[in-house]
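These notes concern the structure reproduced below.
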Amino acid sequence: MAFPTLKAWAVATAAGAASLTTTPAQAVEIEYWQYFFDARVAAMDQLIEKFEAANPDITVKMTHFPYADYRTKVAAAIPAGEGPDVVQLFYGWLNDYVGADLIQPLPGDAFPVEAIDAEFFPMVQAMKGDGQYWALPTAVRSLALFYNERLMEEAGVEPPTNLDELIAAAQAMTKVDGAGNITQVGLTAGMTAQDHHWWREVLVRQFGGEPYLDDYKTVNYDTEAGRKALDFYVGLATDENPVTAFNFMDEPQAAFKAGRAGMHIDGSFRIGALESTRGLKWGVTELPANADGMRSNYSSYWVNAITTKAEGEKYDAAVKFMQYVTSDEAMQVWLDVVGELPAKPSVGMTETNANDPVFGPFIRGLEYAHTTKFADESGQRQAMVEMVERITLEGMDPGESLTTAAEAEQKILDDYYSGN
């Protein structure tokens with residue numbers, strides 16, 4: 001059986017989205033929810049404007065909430081028949097959303113499985129279950145190393161290519177006051193940001209380990225490699241000549257934006273916010289390799305899905321909106337405005353995008369990235385946060401804290417998979 005390709009649909013979209021103008025029986029309004037992040041809201045404003053211009057009988061109302069409140073709001077609204085018809089969710093939350101009956105599968109005629117498998121980056125196949133897709137991303141993410149050009153020039157160092165160079169550059173850019181307090185960090189640090197991904201999927205592998213086994217059902221970092229990776233990470237703040245301080249300026253990204261950090265590991269989604277920061281001159285490079293040249297990265301993505309609230313004409317409109325926000329045109333808008341990478345190689349791997357001095361390091365990072373399959377993303381992240389806090393705040397032996405973290409995360413995985 002021949003399936004229409006998503007690429008063919010996107011060509012029509014790029015030509016003016018004429019294929020989307022099939023008019024519902026009457027004007028319909030749908031709701032779209034996402035968490036609040038300036039660049040993401042700005043990008044969606046543009047996409048909604050383009051979509052409504054091509055579909056004058058469909059209105060899309062966007063609502064956004066602070067990240068801390070977002071999941072609670074969604075979980076309360078949809079079962080009550082309120083809230084979004086199309087909702088944004090982190091890929092690691094998919095199992096929770098399906099299990100709670102918050103979203104419904106994408107229709108196979110509009111989203112043929114074979115076409116999605118062929119045209120999207122393979123990582124999106126984690127959104128597939130029971131032979132159908134439940135959600136799709138507009139963009140994907142990877143990590144890279146942001147650096148402050150002014151501070152780097154002042155210290156006389158170059159962007160690092162390996163972990164040894166990372167430490168040397170960080171030491172050169174770290175400043176302390178007369179009392180020995182760090183006033184400028186060479187490298188930001190904080191497990192609540194992106195460092196829990198850097199530690200698990202990058203450092204553990206670079207020190208010779210594999211963080212999980214059995215398709216991410218078994219924790220495997222309570223090993224010599226995991227201990228070396230943890231010692232390296234915690235040592236950034238606790239060695240004799242520390243290059244960072246946990247909780248410096250509360251948030252790692254805040255310290256970098258304020259010009260008080262030489263380097264910062266973050267996702268491609270940070271590009272939009274940094275570009276709008278006045279007076280900050282920054283560059284970006286791939287995550288440092290280990291001494292043997294081995295690189296690793298973490299990739300993730302937010303997806304959009306149709307909720308179980310959407311029925312009738314709202315459902316039909318939601319399907320059209322989903323088709324548009326996963327089109328090539330929408331992906332390029334998202335890249336330009338937010339800095340997140342297109343979810344299709346046909347957009348992301350163009351010569352212009354792949355060689356871009358800002359986007360390029362992230363796009364190249366996708367080639368060696370790993371996507372953690374979470375059972376409970378928030379809970380698993382918290383296990384990493386507490387692992388470091390036990391060492392830095394309570395003085396626990398790093399090996400003991402590592403074992404405790406591995407046991408806590410394994411329990412999360414066991415509890416989830418034993419219930420499915």
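In the structure tokens, chains take the letters A, B, ... in the order shown, each chain's residues start at 1, and ligands count up from 1 in the order shown.
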Margin query: Would you pick out the contacts of Ala354 in chain A at 12 Å or less, using only C-alpha atoms, so that residues sharing its chain but fewer than 5 positions from it are not included, and give the list as a VMD selection string?
Written below: chain A and resid 335 341 to 342 345 to 349 359 to 367
Notebook entry, point to check: Any idea what's packed within 10 Å of Gly279 in chain A, counting only C-alpha atoms, ignoring anything in its chain fewer than 5 positions away? Could you give it as a PyMOL selection string?
Noted result: chain A and resi 257-259
Could you build a table of the residues in range 30-135 of chain A lying no more than 7 Å from range 297-314 of chain A, giving for each the nearest pair of atoms and their separation in Å rounded to one decimal place, using only C-alpha atoms, ordered by chain and ascending residue number, as a tab-separated table?
residue	atom	partner	partner_atom	distance
A:Ile30	CA	A:Lys314	CA	6.1
A:Ile78	CA	A:Lys309	CA	6.0
A:Gly81	CA	A:Lys309	CA	5.6
A:Pro84	CA	A:Thr307	CA	6.9
A:Asp85	CA	A:Ala310	CA	4.9
A:Val86	CA	A:Ile306	CA	4.6
A:Val87	CA	A:Ala305	CA	5.4
A:Gln88	CA	A:Asn304	CA	4.5
A:Leu89	CA	A:Val303	CA	5.5
A:Phe90	CA	A:Trp302	CA	4.4
A:Tyr91	CA	A:Trp302	CA	5.5
A:Asp101	CA	A:Thr308	CA	6.9
A:Leu102	CA	A:Thr308	CA	5.6
A:Ile103	CA	A:Thr307	CA	3.9
A:Gln104	CA	A:Thr308	CA	5.5
A:Trp134	CA	A:Ala305	CA	6.5
A:Ala135	CA	A:Ala305	CA	4.6
Kindly assemble as CSV a list of the range 296-387 of chain A residues that lie within 7 Å of range 37-53 of chain A, each paired with its nearest atom pair and their distance in Å to one decimal, using only C-alpha atoms, sorted first by chain and then by ascending residue number.
residue,atom,partner,partner_atom,distance
A:Ala330,CA,A:Leu47,CA,6.6
A:Val333,CA,A:Ala43,CA,6.8
A:Trp334,CA,A:Ala43,CA,5.8
A:Val337,CA,A:Ala43,CA,5.7
A:Val338,CA,A:Ala39,CA,5.1
Same residues, N, CA and C atoms, saved as a PDB file, in the first residue's frame:
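Output file result-v3.pdb is given in full below:
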ATOM      1  N   ALA A 330       7.586  24.771   9.394  1.00  0.00           N
ATOM      2  CA  ALA A 330       7.523  25.065  10.827  1.00  0.00           C
ATOM      3  C   ALA A 330       8.856  24.778  11.503  1.00  0.00           C
ATOM      4  N   VAL A 333      11.244  27.674  10.929  1.00  0.00           N
ATOM      5  CA  VAL A 333      10.870  28.805  11.778  1.00  0.00           C
ATOM      6  C   VAL A 333      11.357  28.561  13.204  1.00  0.00           C
ATOM      7  N   TRP A 334      11.139  27.355  13.708  1.00  0.00           N
ATOM      8  CA  TRP A 334      11.536  27.029  15.081  1.00  0.00           C
ATOM      9  C   TRP A 334      13.051  27.128  15.245  1.00  0.00           C
ATOM     10  N   VAL A 337      14.000  30.942  15.262  1.00  0.00           N
ATOM     11  CA  VAL A 337      13.529  31.732  16.404  1.00  0.00           C
ATOM     12  C   VAL A 337      14.014  31.169  17.737  1.00  0.00           C
ATOM     13  N   VAL A 338      13.942  29.857  17.909  1.00  0.00           N
ATOM     14  CA  VAL A 338      14.266  29.228  19.191  1.00  0.00           C
ATOM     15  C   VAL A 338      15.700  28.698  19.213  1.00  0.00           C
TER      16      VAL A 338
END
Note to self: Please list as JSON, numbers by chain every residue within 8 Å of Lys281 in chain A, counting only C-alpha atoms and excluding residues in the same chain fewer than 3 positions away.
What the structure shows: {"A": [148, 149, 150]}
With all heavy atoms retained, could you export that selection as a PDB file, in the first residue's frame?
ATOM      1  N   ASN A 148      31.958  32.368  26.803  1.00  0.00           N
ATOM      2  CA  ASN A 148      31.959  33.825  26.785  1.00  0.00           C
ATOM      3  C   ASN A 148      33.224  34.281  26.058  1.00  0.00           C
ATOM      4  O   ASN A 148      34.339  34.068  26.534  1.00  0.00           O
ATOM      5  CB  ASN A 148      31.935  34.360  28.223  1.00  0.00           C
ATOM      6  CG  ASN A 148      31.822  35.865  28.298  1.00  0.00           C
ATOM      7  OD1 ASN A 148      32.628  36.589  27.722  1.00  0.00           O
ATOM      8  ND2 ASN A 148      30.840  36.347  29.059  1.00  0.00           N
ATOM      9  N   GLU A 149      33.062  34.895  24.901  1.00  0.00           N
ATOM     10  CA  GLU A 149      34.209  35.263  24.080  1.00  0.00           C
ATOM     11  C   GLU A 149      35.103  36.287  24.780  1.00  0.00           C
ATOM     12  O   GLU A 149      36.336  36.207  24.702  1.00  0.00           O
ATOM     13  CB  GLU A 149      33.730  35.815  22.737  1.00  0.00           C
ATOM     14  CG  GLU A 149      33.069  34.776  21.849  1.00  0.00           C
ATOM     15  CD  GLU A 149      32.640  35.337  20.508  1.00  0.00           C
ATOM     16  OE1 GLU A 149      32.633  36.582  20.355  1.00  0.00           O
ATOM     17  OE2 GLU A 149      32.308  34.532  19.617  1.00  0.00           O
ATOM     18  N   ARG A 150      34.506  37.232  25.476  1.00  0.00           N
ATOM     19  CA  ARG A 150      35.298  38.268  26.140  1.00  0.00           C
ATOM     20  C   ARG A 150      36.143  37.669  27.266  1.00  0.00           C
ATOM     21  O   ARG A 150      37.339  37.961  27.377  1.00  0.00           O
ATOM     22  CB  ARG A 150      34.382  39.362  26.695  1.00  0.00           C
ATOM     23  CG  ARG A 150      35.137  40.495  27.402  1.00  0.00           C
ATOM     24  CD  ARG A 150      34.178  41.519  27.973  1.00  0.00           C
ATOM     25  NE  ARG A 150      33.306  40.956  29.003  1.00  0.00           N
ATOM     26  CZ  ARG A 150      33.673  40.773  30.266  1.00  0.00           C
ATOM     27  NH1 ARG A 150      34.903  41.075  30.666  1.00  0.00           N
ATOM     28  NH2 ARG A 150      32.820  40.278  31.139  1.00  0.00           N
TER      29      ARG A 150
END
Next item on the list: Compare A:Met387, A:Lys344, A:Glu165, A:Leu187 by their minimum atom-to-atom distance to Asp117 in chain A, counting only C-alpha atoms, and give me the closest one.
Entry: A:Lys344
Within 12 Å of range 199-214 of chain A, which residues of range 47-152 of chain A come that close, and what is the closest atom pair and distance in Å for each? Count only C-alpha atoms and give it as JSON lines.
{"residue": "A:Ser142", "atom": "CA", "partner": "A:Glu201", "partner_atom": "CA", "distance": 11.3}
{"residue": "A:Leu143", "atom": "CA", "partner": "A:Val202", "partner_atom": "CA", "distance": 10.0}
{"residue": "A:Ala144", "atom": "CA", "partner": "A:Val202", "partner_atom": "CA", "distance": 11.3}
Next item on the list: May I ask for the distance between CA of Glu154 in chain A and CA of Gly262 in chain A, given in Å to one decimal place?
Entry: 10.3 Å
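Using only C-alpha atoms, the shortest contact distance between Ala245 in chain A and any of A:Val176, A:Arg278, A:Asp96, A:Gln380 is found at A:Val176.
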Next item on the list: From the DSSP assignment of the backbone, select every residue of range 199-344 of chain A that is strand (DSSP E or B), and format the answer as number ranges by chain.
Entry: A: 212-213, 218-219, 261-267, 282-285, 289, 297-298, 300, 302-307, 341-342
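One distance worth recording is that between CA of Asp239 in chain A and CA of Glu251 in chain A, which is 21.1 Å.
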Next item on the list: Report the residues of range 203-335 of chain A whose backbone DSSP state falls under helix (DSSP H, G or I), written as a VMD selection string.
Entry: chain A and resid 203 to 206 224 to 238 252 to 257 268 to 275 312 to 325 328 to 335
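Rounded to one decimal, CA of Val113 in chain A and CA of Val60 in chain A lie 26.2 Å from each other.
Neighbouring residues of range 66-73 of chain A at 7 Å or closer, counting only C-alpha atoms and skipping chain neighbours under 4 positions away, are Tyr35, Phe36 and Ala77 of chain A.
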Next item on the list: Write out as a ChimeraX atom specification each polymer residue whose atoms come within 10 Å of range 230-234 of chain A, counting only C-alpha atoms; drop sequence neighbours fewer than 3 positions from it.
Entry: /A:163,189-190,195,198-200,203-204,207,221,224-227,237-239,242,244-246,387-389,391-392,398-399,401-402
Kindly export the residues of the current selection with C-alpha atoms, as a CSV table (one decimal), in the first residue's frame.
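The new file again29.csv reads:
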chain,number,residue,atom,x,y,z
A,163,LEU,CA,38.1,17.4,29.0
A,189,ALA,CA,27.5,23.5,37.3
A,190,GLY,CA,24.1,22.3,38.5
A,195,ASP,CA,24.3,18.6,33.9
A,198,TRP,CA,25.9,15.5,30.6
A,199,TRP,CA,26.9,13.3,33.5
A,200,ARG,CA,24.8,10.3,32.6
A,203,LEU,CA,30.7,11.6,31.2
A,204,VAL,CA,29.8,8.1,32.2
A,207,PHE,CA,35.0,7.3,31.4
A,221,TYR,CA,26.4,3.5,36.4
A,224,GLU,CA,34.2,2.2,38.4
A,225,ALA,CA,33.4,4.3,35.3
A,226,GLY,CA,30.5,5.9,37.1
A,227,ARG,CA,32.6,6.7,40.1
A,237,ALA,CA,33.6,22.5,42.7
A,238,THR,CA,35.5,20.6,45.4
A,239,ASP,CA,39.0,20.2,44.1
A,242,PRO,CA,37.7,24.7,42.1
A,244,THR,CA,32.8,26.4,39.8
A,245,ALA,CA,30.4,26.5,42.7
A,246,PHE,CA,27.1,24.7,42.9
A,387,MET,CA,23.4,12.3,44.6
A,388,VAL,CA,25.5,15.5,44.4
A,389,GLU,CA,23.9,17.2,47.4
A,391,ILE,CA,28.3,14.7,48.8
A,392,THR,CA,28.6,18.5,48.8
A,398,PRO,CA,31.0,9.8,46.6
A,399,GLY,CA,30.9,6.1,46.0
A,401,SER,CA,26.2,8.4,47.3
A,402,LEU,CA,26.5,6.9,43.8
Next item on the list: Pick out the residues sitting within 9 Å of Pro288 in chain A, and hand them over as a list in words; count only C-alpha atoms, and ignore anything fewer than 5 positions along from it in its own chain.
Entry: Ala144, Leu145, Pro160, Thr161, Asn162, Leu163, Asp164, Glu165, Leu166, Gly293, Met294, Arg295 and Ser296 of chain A
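Proximity ranking of A:Met62, A:Leu106, A:Thr192, A:Pro56 relative to Gln34 in chain A places A:Met62 first, based on only C-alpha atoms.
The neighbours of Leu274 in chain A here are the residues that come within 10 Å of it, using only C-alpha atoms and leaving out any residue fewer than 3 positions away in the same chain; they are Phe146, Gln253, Phe256, Lys257, Phe269, Arg270, Ile271, Thr277, Arg278, Leu280, Lys281 and Trp282 of chain A.
You can rank A:Val74, A:Arg141, A:Ala80, A:Glu409 by their closest distance to Met123 in chain A using only C-alpha atoms, and at the top of that list sits A:Arg141.
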